[in-house]
$ cat input.pdb   # PDB, C-alpha atoms (C1' of nucleotides) and all ligand atoms
MODEL        1
ATOM      1  CA  MET A   1     -69.263 -10.064  -9.970
ATOM      2  CA  GLU A   2     -68.087 -11.985 -13.013
ATOM      3  CA  GLU A   3     -65.674  -9.192 -13.838
ATOM      4  CA  TYR A   4     -63.895  -9.452 -10.512
ATOM      5  CA  LYS A   5     -63.941 -13.211 -10.575
ATOM      6  CA  LYS A   6     -61.974 -13.034 -13.808
ATOM      7  CA  ILE A   7     -59.504 -10.601 -12.348
ATOM      8  CA  LEU A   8     -58.843 -12.895  -9.406
ATOM      9  CA  ILE A   9     -58.466 -15.960 -11.620
ATOM     10  CA  ALA A  10     -56.061 -14.074 -13.875
ATOM     11  CA  LYS A  11     -53.891 -13.502 -10.822
ATOM     12  CA  GLY A  12     -54.093 -17.107  -9.747
ATOM     13  CA  ILE A  13     -56.236 -16.287  -6.721
ATOM     14  CA  LYS A  14     -59.106 -18.621  -5.950
ATOM     15  CA  PRO A  15     -62.189 -16.478  -6.564
ATOM     16  CA  THR A  16     -64.151 -17.095  -3.408
ATOM     17  CA  PHE A  17     -67.376 -15.226  -2.731
ATOM     18  CA  GLN A  18     -65.754 -13.086  -0.040
ATOM     19  CA  ARG A  19     -62.759 -12.173  -2.155
ATOM     20  CA  ILE A  20     -64.930 -11.221  -5.091
ATOM     21  CA  LYS A  21     -67.116  -9.055  -2.876
ATOM     22  CA  ILE A  22     -64.171  -7.268  -1.288
ATOM     23  CA  LEU A  23     -62.502  -6.599  -4.610
ATOM     24  CA  GLU A  24     -65.806  -5.439  -6.064
ATOM     25  CA  TYR A  25     -66.363  -3.127  -3.116
ATOM     26  CA  LEU A  26     -62.966  -1.519  -3.528
ATOM     27  CA  SER A  27     -63.473  -1.067  -7.231
ATOM     28  CA  ARG A  28     -66.864   0.599  -6.752
ATOM     29  CA  ASN A  29     -65.959   2.684  -3.700
ATOM     30  CA  ARG A  30     -62.984   4.850  -4.499
ATOM     31  CA  THR A  31     -63.027   6.467  -1.064
ATOM     32  CA  HIS A  32     -59.898   4.822   0.367
ATOM     33  CA  PRO A  33     -61.888   2.970   3.041
ATOM     34  CA  THR A  34     -60.570   1.486   6.260
ATOM     35  CA  VAL A  35     -60.832  -2.230   6.988
ATOM     36  CA  ASP A  36     -63.755  -1.482   9.250
ATOM     37  CA  MET A  37     -65.584   0.460   6.546
ATOM     38  CA  ILE A  38     -65.169  -2.422   4.127
ATOM     39  CA  TYR A  39     -66.261  -4.931   6.733
ATOM     40  CA  THR A  40     -69.277  -2.939   7.916
ATOM     41  CA  ALA A  41     -70.497  -2.283   4.395
ATOM     42  CA  LEU A  42     -70.164  -5.885   3.245
ATOM     43  CA  PHE A  43     -71.488  -7.392   6.447
ATOM     44  CA  LYS A  44     -74.952  -6.129   5.516
ATOM     45  CA  LYS A  45     -74.884  -8.307   2.414
ATOM     46  CA  VAL A  46     -72.728 -11.129   3.798
ATOM     47  CA  PRO A  47     -73.676 -11.554   7.470
ATOM     48  CA  THR A  48     -71.255 -14.423   7.968
ATOM     49  CA  LEU A  49     -68.302 -12.280   6.955
ATOM     50  CA  SER A  50     -65.422 -12.143   9.393
ATOM     51  CA  LYS A  51     -63.152  -9.173   9.814
ATOM     52  CA  THR A  52     -60.214 -11.560   9.721
ATOM     53  CA  THR A  53     -61.238 -12.523   6.211
ATOM     54  CA  VAL A  54     -61.166  -8.887   5.206
ATOM     55  CA  TYR A  55     -57.638  -8.569   6.554
ATOM     56  CA  ASN A  56     -56.532 -11.822   4.933
ATOM     57  CA  THR A  57     -58.062 -10.943   1.604
ATOM     58  CA  LEU A  58     -56.614  -7.458   1.552
ATOM     59  CA  ASP A  59     -53.183  -8.959   2.171
ATOM     60  CA  ILE A  60     -53.611 -11.323  -0.754
ATOM     61  CA  LEU A  61     -54.922  -8.579  -3.025
ATOM     62  CA  ARG A  62     -52.030  -6.393  -2.024
ATOM     63  CA  GLU A  63     -49.433  -9.089  -2.638
ATOM     64  CA  ASN A  64     -50.870  -9.531  -6.104
ATOM     65  CA  GLY A  65     -50.894  -5.857  -6.946
ATOM     66  CA  LEU A  66     -54.657  -5.497  -7.033
ATOM     67  CA  VAL A  67     -54.837  -3.178  -4.042
ATOM     68  CA  ASP A  68     -52.729  -0.346  -2.705
ATOM     69  CA  VAL A  69     -52.322   0.660   0.925
ATOM     70  CA  LEU A  70     -52.090   4.222   2.183
ATOM     71  CA  THR A  71     -50.463   5.204   5.486
ATOM     72  CA  ILE A  72     -51.820   8.720   5.221
ATOM     73  CA  THR A  73     -53.667   8.884   8.552
ATOM     74  CA  GLU A  74     -52.259   8.351  12.015
ATOM     75  CA  SER A  75     -54.453   5.510  13.175
ATOM     76  CA  GLU A  76     -55.538   3.068  10.475
ATOM     77  CA  MET A  77     -54.569   1.941   7.034
ATOM     78  CA  ARG A  78     -56.527   2.909   3.982
ATOM     79  CA  TYR A  79     -57.087   0.657   0.994
ATOM     80  CA  GLU A  80     -57.760   1.430  -2.627
ATOM     81  CA  TYR A  81     -58.314  -0.427  -5.840
ATOM     82  CA  CYS A  82     -55.028  -0.286  -7.651
ATOM     83  CA  THR A  83     -54.889   2.100 -10.591
ATOM     84  CA  GLU A  84     -52.235   4.398 -12.011
ATOM     85  CA  PRO A  85     -50.041   5.884  -9.269
ATOM     86  CA  HIS A  86     -51.383   9.164  -7.924
ATOM     87  CA  HIS A  87     -51.099  11.440  -4.916
ATOM     88  CA  HIS A  88     -53.647  12.128  -2.194
ATOM     89  CA  PHE A  89     -55.075  14.949  -0.130
ATOM     90  CA  LEU A  90     -56.261  14.329   3.436
ATOM     91  CA  CYS A  91     -58.674  16.846   4.942
ATOM     92  CA  ARG A  92     -58.181  17.161   8.678
ATOM     93  CA  ARG A  93     -61.684  18.585   9.035
ATOM     94  CA  CYS A  94     -63.882  16.013   7.280
ATOM     95  CA  GLY A  95     -61.324  13.225   7.056
ATOM     96  CA  ARG A  96     -61.882  12.635   3.362
ATOM     97  CA  ILE A  97     -59.000  11.392   1.231
ATOM     98  CA  ILE A  98     -59.121  12.904  -2.228
ATOM     99  CA  ASP A  99     -57.241  11.729  -5.309
ATOM    100  CA  LEU A 100     -54.953  14.402  -6.690
ATOM    101  CA  ASP A 101     -53.820  14.993 -10.218
ATOM    102  CA  VAL A 102     -50.335  16.087  -9.302
ATOM    103  CA  LYS A 103     -47.570  16.252 -11.843
ATOM    104  CA  CYS A 104     -44.825  14.289 -10.131
ATOM    105  CA  PRO A 105     -41.770  13.287 -12.142
ATOM    106  CA  TYR A 106     -40.918  10.483  -9.719
ATOM    107  CA  LEU A 107     -44.296   8.806 -10.115
ATOM    108  CA  GLU A 108     -43.489   7.937 -13.711
ATOM    109  CA  LYS A 109     -39.825   7.156 -13.579
ATOM    110  CA  MET A 110     -40.060   5.297 -10.270
ATOM    111  CA  LYS A 111     -36.374   5.892 -10.042
ATOM    112  CA  PHE A 112     -34.493   7.835  -7.434
ATOM    113  CA  GLY A 113     -30.842   7.975  -6.653
ATOM    114  CA  GLU A 114     -29.017   4.977  -5.337
ATOM    115  CA  HIS A 115     -31.936   3.313  -3.526
ATOM    116  CA  LYS A 116     -34.255   0.789  -5.133
ATOM    117  CA  LEU A 117     -37.578   2.579  -5.347
ATOM    118  CA  GLU A 118     -40.743   0.492  -5.224
ATOM    119  CA  GLN A 119     -43.479   2.873  -4.139
ATOM    120  CA  ILE A 120     -44.080   6.589  -3.945
ATOM    121  CA  HIS A 121     -46.646   8.126  -1.646
ATOM    122  CA  GLY A 122     -47.530  11.794  -1.958
ATOM    123  CA  TYR A 123     -49.681  12.869   0.961
ATOM    124  CA  PHE A 124     -50.961  16.438   0.963
ATOM    125  CA  LYS A 125     -52.735  17.472   4.152
ATOM    126  CA  GLY A 126     -54.889  20.449   5.067
ATOM    127  CA  ILE A 127     -58.497  21.583   4.672
ATOM    128  CA  CYS A 128     -60.428  20.513   1.613
ATOM    129  CA  LYS A 129     -62.292  22.869  -0.688
ATOM    130  CA  ASP A 130     -65.723  21.830   0.583
ATOM    131  CA  CYS A 131     -64.808  22.372   4.220
ATOM    132  CA  LEU A 132     -63.313  25.758   3.377
ATOM    133  CA  GLU A 133     -66.550  26.854   1.699
ATOM    134  CA  GLU A 134     -68.680  25.474   4.518
ATOM    135  CA  ALA A 135     -66.787  27.739   6.922
ATOM    136  CA  GLN A 136     -67.727  30.626   4.554
TER
ATOM    137  CA  MET B   1     -29.560  21.914  27.461
ATOM    138  CA  GLU B   2     -29.626  25.698  27.699
ATOM    139  CA  GLU B   3     -30.149  25.908  23.973
ATOM    140  CA  TYR B   4     -33.316  23.835  24.076
ATOM    141  CA  LYS B   5     -34.540  25.594  27.182
ATOM    142  CA  LYS B   6     -34.405  28.836  25.242
ATOM    143  CA  ILE B   7     -36.261  27.333  22.311
ATOM    144  CA  LEU B   8     -39.059  26.157  24.596
ATOM    145  CA  ILE B   9     -39.298  29.497  26.375
ATOM    146  CA  ALA B  10     -39.404  31.307  23.056
ATOM    147  CA  LYS B  11     -42.464  29.239  22.199
ATOM    148  CA  GLY B  12     -44.101  29.930  25.536
ATOM    149  CA  ILE B  13     -43.655  26.334  26.697
ATOM    150  CA  LYS B  14     -42.587  25.804  30.280
ATOM    151  CA  PRO B  15     -39.089  24.323  29.955
ATOM    152  CA  THR B  16     -39.343  21.329  32.234
ATOM    153  CA  PHE B  17     -36.491  18.855  32.505
ATOM    154  CA  GLN B  18     -38.393  16.187  30.582
ATOM    155  CA  ARG B  19     -39.366  18.528  27.770
ATOM    156  CA  ILE B  20     -35.832  19.814  27.384
ATOM    157  CA  LYS B  21     -34.484  16.277  27.258
ATOM    158  CA  ILE B  22     -36.999  15.131  24.679
ATOM    159  CA  LEU B  23     -36.408  18.130  22.451
ATOM    160  CA  GLU B  24     -32.665  17.711  22.837
ATOM    161  CA  TYR B  25     -32.916  14.042  21.939
ATOM    162  CA  LEU B  26     -34.847  14.769  18.775
ATOM    163  CA  SER B  27     -32.420  17.466  17.765
ATOM    164  CA  ARG B  28     -29.414  15.196  18.230
ATOM    165  CA  ASN B  29     -30.957  12.028  16.809
ATOM    166  CA  ARG B  30     -32.179  12.689  13.311
ATOM    167  CA  THR B  31     -33.327   9.101  12.839
ATOM    168  CA  HIS B  32     -37.092   9.677  12.947
ATOM    169  CA  PRO B  33     -37.507   7.647  16.144
ATOM    170  CA  THR B  34     -40.681   6.101  17.482
ATOM    171  CA  VAL B  35     -42.112   7.091  20.860
ATOM    172  CA  ASP B  36     -40.683   3.918  22.289
ATOM    173  CA  MET B  37     -37.211   4.659  20.956
ATOM    174  CA  ILE B  38     -37.295   8.113  22.529
ATOM    175  CA  TYR B  39     -38.602   6.722  25.796
ATOM    176  CA  THR B  40     -36.126   3.851  25.978
ATOM    177  CA  ALA B  41     -33.151   6.065  25.193
ATOM    178  CA  LEU B  42     -34.075   8.757  27.708
ATOM    179  CA  PHE B  43     -35.150   6.350  30.420
ATOM    180  CA  LYS B  44     -31.512   5.415  30.928
ATOM    181  CA  LYS B  45     -30.740   8.984  31.932
ATOM    182  CA  VAL B  46     -34.111   9.828  33.492
ATOM    183  CA  PRO B  47     -35.356   6.670  35.226
ATOM    184  CA  THR B  48     -38.522   8.347  36.449
ATOM    185  CA  LEU B  49     -39.617   9.198  32.933
ATOM    186  CA  SER B  50     -43.056   8.046  31.923
ATOM    187  CA  LYS B  51     -44.059   7.117  28.415
ATOM    188  CA  THR B  52     -47.164   9.244  28.859
ATOM    189  CA  THR B  53     -44.916  12.258  29.327
ATOM    190  CA  VAL B  54     -43.214  11.470  26.043
ATOM    191  CA  TYR B  55     -46.592  11.377  24.319
ATOM    192  CA  ASN B  56     -47.749  14.558  26.027
ATOM    193  CA  THR B  57     -44.556  16.414  25.278
ATOM    194  CA  LEU B  58     -44.494  15.369  21.649
ATOM    195  CA  ASP B  59     -48.032  16.670  21.289
ATOM    196  CA  ILE B  60     -47.019  20.022  22.726
ATOM    197  CA  LEU B  61     -43.901  20.226  20.590
ATOM    198  CA  ARG B  62     -45.934  19.368  17.563
ATOM    199  CA  GLU B  63     -48.605  21.970  18.291
ATOM    200  CA  ASN B  64     -45.860  24.563  18.549
ATOM    201  CA  GLY B  65     -44.155  23.601  15.329
ATOM    202  CA  LEU B  66     -41.017  22.237  16.939
ATOM    203  CA  VAL B  67     -41.590  18.661  15.857
ATOM    204  CA  ASP B  68     -42.967  16.971  12.754
ATOM    205  CA  VAL B  69     -44.771  13.654  12.612
ATOM    206  CA  LEU B  70     -44.391  11.077   9.871
ATOM    207  CA  THR B  71     -47.022   8.457   9.043
ATOM    208  CA  ILE B  72     -44.633   6.604   6.784
ATOM    209  CA  THR B  73     -44.819   3.166   8.424
ATOM    210  CA  GLU B  74     -47.861   1.016   8.998
ATOM    211  CA  SER B  75     -47.696   0.615  12.751
ATOM    212  CA  GLU B  76     -46.272   3.570  14.639
ATOM    213  CA  MET B  77     -45.679   7.255  14.227
ATOM    214  CA  ARG B  78     -42.245   8.692  13.679
ATOM    215  CA  TYR B  79     -41.055  12.008  15.076
ATOM    216  CA  GLU B  80     -38.416  14.419  13.899
ATOM    217  CA  TYR B  81     -36.988  17.730  14.927
ATOM    218  CA  CYS B  82     -38.618  20.281  12.680
ATOM    219  CA  THR B  83     -36.414  21.644   9.906
ATOM    220  CA  GLU B  84     -36.982  22.646   6.306
ATOM    221  CA  PRO B  85     -39.612  20.446   4.642
ATOM    222  CA  HIS B  86     -38.130  17.406   2.958
ATOM    223  CA  HIS B  87     -39.102  13.970   1.687
ATOM    224  CA  HIS B  88     -38.257  10.547   3.084
ATOM    225  CA  PHE B  89     -37.210   7.094   2.017
ATOM    226  CA  LEU B  90     -38.303   4.043   4.013
ATOM    227  CA  CYS B  91     -36.297   0.847   3.546
ATOM    228  CA  ARG B  92     -38.487  -2.221   3.944
ATOM    229  CA  ARG B  93     -35.421  -4.323   4.659
ATOM    230  CA  CYS B  94     -33.657  -2.449   7.462
ATOM    231  CA  GLY B  95     -36.521  -0.133   8.414
ATOM    232  CA  ARG B  96     -34.403   3.000   8.253
ATOM    233  CA  ILE B  97     -36.010   6.280   7.285
ATOM    234  CA  ILE B  98     -33.640   8.411   5.246
ATOM    235  CA  ASP B  99     -33.957  12.106   4.492
ATOM    236  CA  LEU B 100     -34.150  12.790   0.773
ATOM    237  CA  ASP B 101     -33.037  15.823  -1.133
ATOM    238  CA  VAL B 102     -35.887  15.739  -3.599
ATOM    239  CA  LYS B 103     -36.712  18.689  -5.777
ATOM    240  CA  CYS B 104     -40.417  19.094  -5.158
ATOM    241  CA  PRO B 105     -42.128  22.247  -6.407
ATOM    242  CA  TYR B 106     -45.011  21.819  -3.965
ATOM    243  CA  LEU B 107     -42.712  21.747  -0.941
ATOM    244  CA  GLU B 108     -41.711  25.343  -1.573
ATOM    245  CA  LYS B 109     -44.944  26.860  -2.747
ATOM    246  CA  MET B 110     -47.076  24.914  -0.283
ATOM    247  CA  LYS B 111     -49.926  25.669  -2.595
ATOM    248  CA  PHE B 112     -52.093  23.258  -4.488
ATOM    249  CA  GLY B 113     -55.364  23.804  -6.245
ATOM    250  CA  GLU B 114     -58.484  24.724  -4.373
ATOM    251  CA  HIS B 115     -57.667  23.004  -1.066
ATOM    252  CA  LYS B 116     -55.867  24.711   1.789
ATOM    253  CA  LEU B 117     -52.528  22.939   1.950
ATOM    254  CA  GLU B 118     -50.801  22.723   5.314
ATOM    255  CA  GLN B 119     -48.393  19.804   5.019
ATOM    256  CA  ILE B 120     -46.770  17.751   2.311
ATOM    257  CA  HIS B 121     -45.416  14.286   2.937
ATOM    258  CA  GLY B 122     -43.317  12.577   0.297
ATOM    259  CA  TYR B 123     -42.732   8.963   1.215
ATOM    260  CA  PHE B 124     -40.519   6.894  -1.052
ATOM    261  CA  LYS B 125     -40.388   3.199  -0.197
ATOM    262  CA  GLY B 126     -38.158   0.364  -1.306
ATOM    263  CA  ILE B 127     -34.705  -1.032  -0.513
ATOM    264  CA  CYS B 128     -31.978   1.340   0.595
ATOM    265  CA  LYS B 129     -28.538   1.551  -0.958
ATOM    266  CA  ASP B 130     -26.811  -0.174   1.970
ATOM    267  CA  CYS B 131     -29.204  -3.120   1.952
ATOM    268  CA  LEU B 132     -28.796  -3.471  -1.798
ATOM    269  CA  GLU B 133     -25.020  -3.674  -1.452
ATOM    270  CA  GLU B 134     -25.235  -6.081   1.450
ATOM    271  CA  ALA B 135     -27.196  -8.464  -0.793
ATOM    272  CA  GLN B 136     -24.218  -8.269  -3.213
TER
ATOM    273  C1'  DA C   1     -41.030  30.280  55.168
ATOM    274  C1'  DT C   2     -46.142  28.399  54.495
ATOM    275  C1'  DA C   3     -50.197  27.422  52.295
ATOM    276  C1'  DC C   4     -52.631  26.664  48.422
ATOM    277  C1'  DA C   5     -53.967  26.341  43.484
ATOM    278  C1'  DA C   6     -52.425  25.238  38.974
ATOM    279  C1'  DA C   7     -49.504  22.755  36.002
ATOM    280  C1'  DT C   8     -46.957  18.735  35.145
ATOM    281  C1'  DT C   9     -45.622  14.052  35.630
ATOM    282  C1'  DT C  10     -46.588   9.492  36.526
ATOM    283  C1'  DA C  11     -48.720   4.781  36.625
ATOM    284  C1'  DA C  12     -52.449   2.084  35.485
ATOM    285  C1'  DA C  13     -56.408   1.017  32.901
ATOM    286  C1'  DA C  14     -58.935   1.432  28.678
ATOM    287  C1'  DT C  15     -59.233   1.678  23.739
ATOM    288  C1'  DC C  16     -58.606   0.359  19.131
ATOM    289  C1'  DG C  17     -56.417  -1.424  14.924
ATOM    290  C1'  DT C  18     -54.096  -5.423  13.762
ATOM    291  C1'  DT C  19     -52.213 -10.181  14.154
ATOM    292  C1'  DA C  20     -52.022 -14.974  15.792
ATOM    293  C1'  DC C  21     -54.243 -19.050  16.526
ATOM    294  C1'  DA C  22     -57.161 -22.994  16.214
ATOM    295  C1'  DA C  23     -61.625 -24.777  15.199
ATOM    296  C1'  DA C  24     -65.291 -25.017  11.672
ATOM    297  C1'  DT C  25     -66.513 -24.925   7.010
ATOM    298  C1'  DT C  26     -65.886 -25.265   2.198
ATOM    299  C1'  DT C  27     -63.559 -26.905  -1.878
ATOM    300  C1'  DG C  28     -61.191 -30.041  -4.996
ATOM    301  C1'  DT C  29     -59.979 -34.598  -6.034
ATOM    302  C1'  DA C  30     -59.616 -39.594  -5.741
TER
ATOM    303  C1'  DT D   1     -68.414 -40.884  -0.761
ATOM    304  C1'  DA D   2     -64.078 -40.038   1.550
ATOM    305  C1'  DC D   3     -60.415 -37.326   2.532
ATOM    306  C1'  DA D   4     -56.836 -33.654   2.329
ATOM    307  C1'  DA D   5     -56.069 -28.897   1.445
ATOM    308  C1'  DA D   6     -57.598 -24.334   1.378
ATOM    309  C1'  DT D   7     -60.507 -20.933   3.227
ATOM    310  C1'  DT D   8     -63.338 -18.771   6.558
ATOM    311  C1'  DT D   9     -64.556 -17.743  11.077
ATOM    312  C1'  DG D  10     -64.457 -16.367  16.085
ATOM    313  C1'  DT D  11     -61.616 -15.579  19.876
ATOM    314  C1'  DA D  12     -57.638 -14.319  22.110
ATOM    315  C1'  DA D  13     -53.371 -11.837  22.059
ATOM    316  C1'  DC D  14     -50.717  -7.897  20.864
ATOM    317  C1'  DG D  15     -48.980  -3.234  20.623
ATOM    318  C1'  DA D  16     -49.438   1.716  19.915
ATOM    319  C1'  DT D  17     -52.009   5.276  21.695
ATOM    320  C1'  DT D  18     -55.399   7.605  24.741
ATOM    321  C1'  DT D  19     -57.788   8.244  28.968
ATOM    322  C1'  DT D  20     -57.987   8.803  33.709
ATOM    323  C1'  DA D  21     -56.870   9.932  38.250
ATOM    324  C1'  DA D  22     -53.440  10.194  41.752
ATOM    325  C1'  DA D  23     -48.802  11.986  42.984
ATOM    326  C1'  DT D  24     -45.480  15.430  42.419
ATOM    327  C1'  DT D  25     -43.720  19.816  41.235
ATOM    328  C1'  DT D  26     -44.168  24.699  40.415
ATOM    329  C1'  DG D  27     -45.663  29.438  41.037
ATOM    330  C1'  DT D  28     -47.881  32.765  43.783
ATOM    331  C1'  DA D  29     -50.118  34.944  47.675
ATOM    332  C1'  DT D  30     -49.831  35.327  52.347
TER
HETATM  333 MN    MN E   1     -56.418   7.178  -4.469
HETATM  334 MN    MN E   2     -36.587  13.779   8.050
HETATM  335 ZN    ZN E   3     -62.932  18.448   4.272
HETATM  336 ZN    ZN E   4     -32.057  -0.755   4.250
ENDMDL
END
$ encode --input "input.pdb" --output "structure tokens"
Amino acid sequence: MEEYKKILIAKGIKPTFQRIKILEYLSRNRTHPTVDMIYTALFKKVPTLSKTTVYNTLDILRENGLVDVLTITESEMRYEYCTEPHHHFLCRRCGRIIDLDVKCPYLEKMKFGEHKLEQIHGYFKGICKDCLEEAQ
Amino acid sequence: MEEYKKILIAKGIKPTFQRIKILEYLSRNRTHPTVDMIYTALFKKVPTLSKTTVYNTLDILRENGLVDVLTITESEMRYEYCTEPHHHFLCRRCGRIIDLDVKCPYLEKMKFGEHKLEQIHGYFKGICKDCLEEAQ
DNA sequence: ATACAAATTTAAAATCGTTACAAATTTGTA
DNA sequence: TACAAATTTGTAACGATTTTAAATTTGTAT
């Protein structure tokens, strides 16, 4: 609670209860949740919460570099607490999005050719280890 | 026309007029169009075309490995005629999606760790060369 | 050719994630 | 306490996609 309040203040974002809770949720749940997952989880604790606030807050957090957005699935956006750049694996069976420890030269240099590079997304898709085992 | 008819037949897909036209369009327009772009362009030539047919056909083409789908933007899917795997650059200024010639070891091996890897998407995002120049 | 079943196309409605909007509430300051 | 600004909220609008069922086309048996 206090920790996330400080983070918001450091970024010049007014640390409202909702913003703190959303940032805290993302920091504690490294599952790349959808907006609806965030909303549903927090609504239990904050029954006045509006989904619009989740959208608004995520936009603010994103603008301030506290949150990253993944376009890895075909229907909804995924959000994650911003850390070091890394790649992701999406399992088409269970839908989980798993952080990968991929050695990618571009991730560090953030430089490529003549274009101005701002983000790199590495999306690996297939069947995850657990689902493979489950199917024997 | 005949060329794409043959490709469809080779895949066991009934080569209807609409399917041929959609496949032909994707082969000739390597711009990673949206469904709406495909529909709007073809509607001029095929005024009876339905957007549902575009969706249906793209699904079939995708299932048969003739078309790839990109989830690079935040709102709609992008389609491309299937070629050798390659990465992409999305310009947030002009919206163009540019094919990249990135050396990626994973693209060739298609193997990574303990998961079963089926696809790799490399999405680079930023400002393209042309837009940079245009802004001096 | 004709009839009929299956496949395909089409148009319309439904769904769902996201955005726009305006009212209600909260916050900061005088 | 009063008031303006910022934030939150609920609702409506939007747009991409999916669902559904009717219309059309195709292939095949007669
Ligand atoms: Mn991650
Ligand atoms: Mn491409
Ligand atoms: Zn899985
Ligand atoms: Zn550009």
$ resolve_selection --input "input.pdb" --expression "the PyMOL selection byres ((chain C) within 10 of (chain B))" --output "ChimeraX atom specification"
/C:7-11,17-18
$ write_last_selection --input "input.pdb" --atoms "C-alpha atoms (C1' of nucleotides)" --output "compact mmCIF listing (two decimals), in the coordinates of the input"
# COMPACT_ATOMS: atom_id res chain seq x y z
C1' DA C 7 -49.50 22.76 36.00
C1' DT C 8 -46.96 18.74 35.15
C1' DT C 9 -45.62 14.05 35.63
C1' DT C 10 -46.59 9.49 36.53
C1' DA C 11 -48.72 4.78 36.62
C1' DG C 17 -56.42 -1.42 14.92
C1' DT C 18 -54.10 -5.42 13.76
$ atom_distance --input "input.pdb" --atom1 "CA of Tyr106 in chain B" --atom2 "CA of Arg93 in chain A"
21.4 Å
$ atom_distance --input "input.pdb" --atom1 "CA of Asp99 in chain A" --atom2 "CA of Cys128 in chain B"
27.9 Å
$ interface_residues --input "input.pdb" --of "chain D" --to "chain A" --cutoff "12 Å" --atoms "all atoms listed in the file" --output "number ranges by chain"
D: 6-11, 16-18
$ interface_residues --input "input.pdb" --of "chain A" --to "chain B" --cutoff "8 Å" --atoms "all atoms listed in the file" --output "JSON, numbers by chain"
{"A": [71, 72, 73, 74, 77, 114, 115, 116, 117, 118, 119, 120, 121, 122, 123, 124, 125, 126, 127, 128, 129, 132]}
$ resolve_selection --input "input.pdb" --expression "the PyMOL selection byres (((not hetatm)) within 9 of (chain E and resi 2))" --output "PyMOL selection string"
chain B and resi 30-32+68+70+79-83+85-88+97-100
$ atom_distance --input "input.pdb" --atom1 "C1' of DA2 in chain D" --atom2 "CA of Gly12 in chain A"
27.4 Å
$ closest_residue --input "input.pdb" --among "B:Leu58, B:Glu108, B:Gly95, B:Ala135" --to "ligand ZN 4 (chain E)" --atoms "all atoms listed in the file"
B:Gly95
$ resolve_selection --input "input.pdb" --expression "the PyMOL selection byres (((chain C and resi 3) around 12) and not hetatm)" --output "number ranges by chain"
C: 1-2, 4-5; D: 28-30
$ write_last_selection --input "input.pdb" --atoms "C-alpha atoms (C1' of nucleotides)" --output "PDB file, in the frame of the given file"
ATOM      1  C1'  DA C   1     -41.030  30.280  55.168  1.00  0.00           C
ATOM      2  C1'  DT C   2     -46.142  28.399  54.495  1.00  0.00           C
ATOM      3  C1'  DC C   4     -52.631  26.664  48.422  1.00  0.00           C
ATOM      4  C1'  DA C   5     -53.967  26.341  43.484  1.00  0.00           C
TER       5       DA C   5
ATOM      6  C1'  DT D  28     -47.881  32.765  43.783  1.00  0.00           C
ATOM      7  C1'  DA D  29     -50.118  34.944  47.675  1.00  0.00           C
ATOM      8  C1'  DT D  30     -49.831  35.327  52.347  1.00  0.00           C
TER       9       DT D  30
END
$ closest_residue --input "input.pdb" --among "A:Ile13, A:Leu26, A:Ile60, A:Ile38" --to "ligand MN 1 (chain E)" --atoms "all atoms listed in the file"
A:Leu26
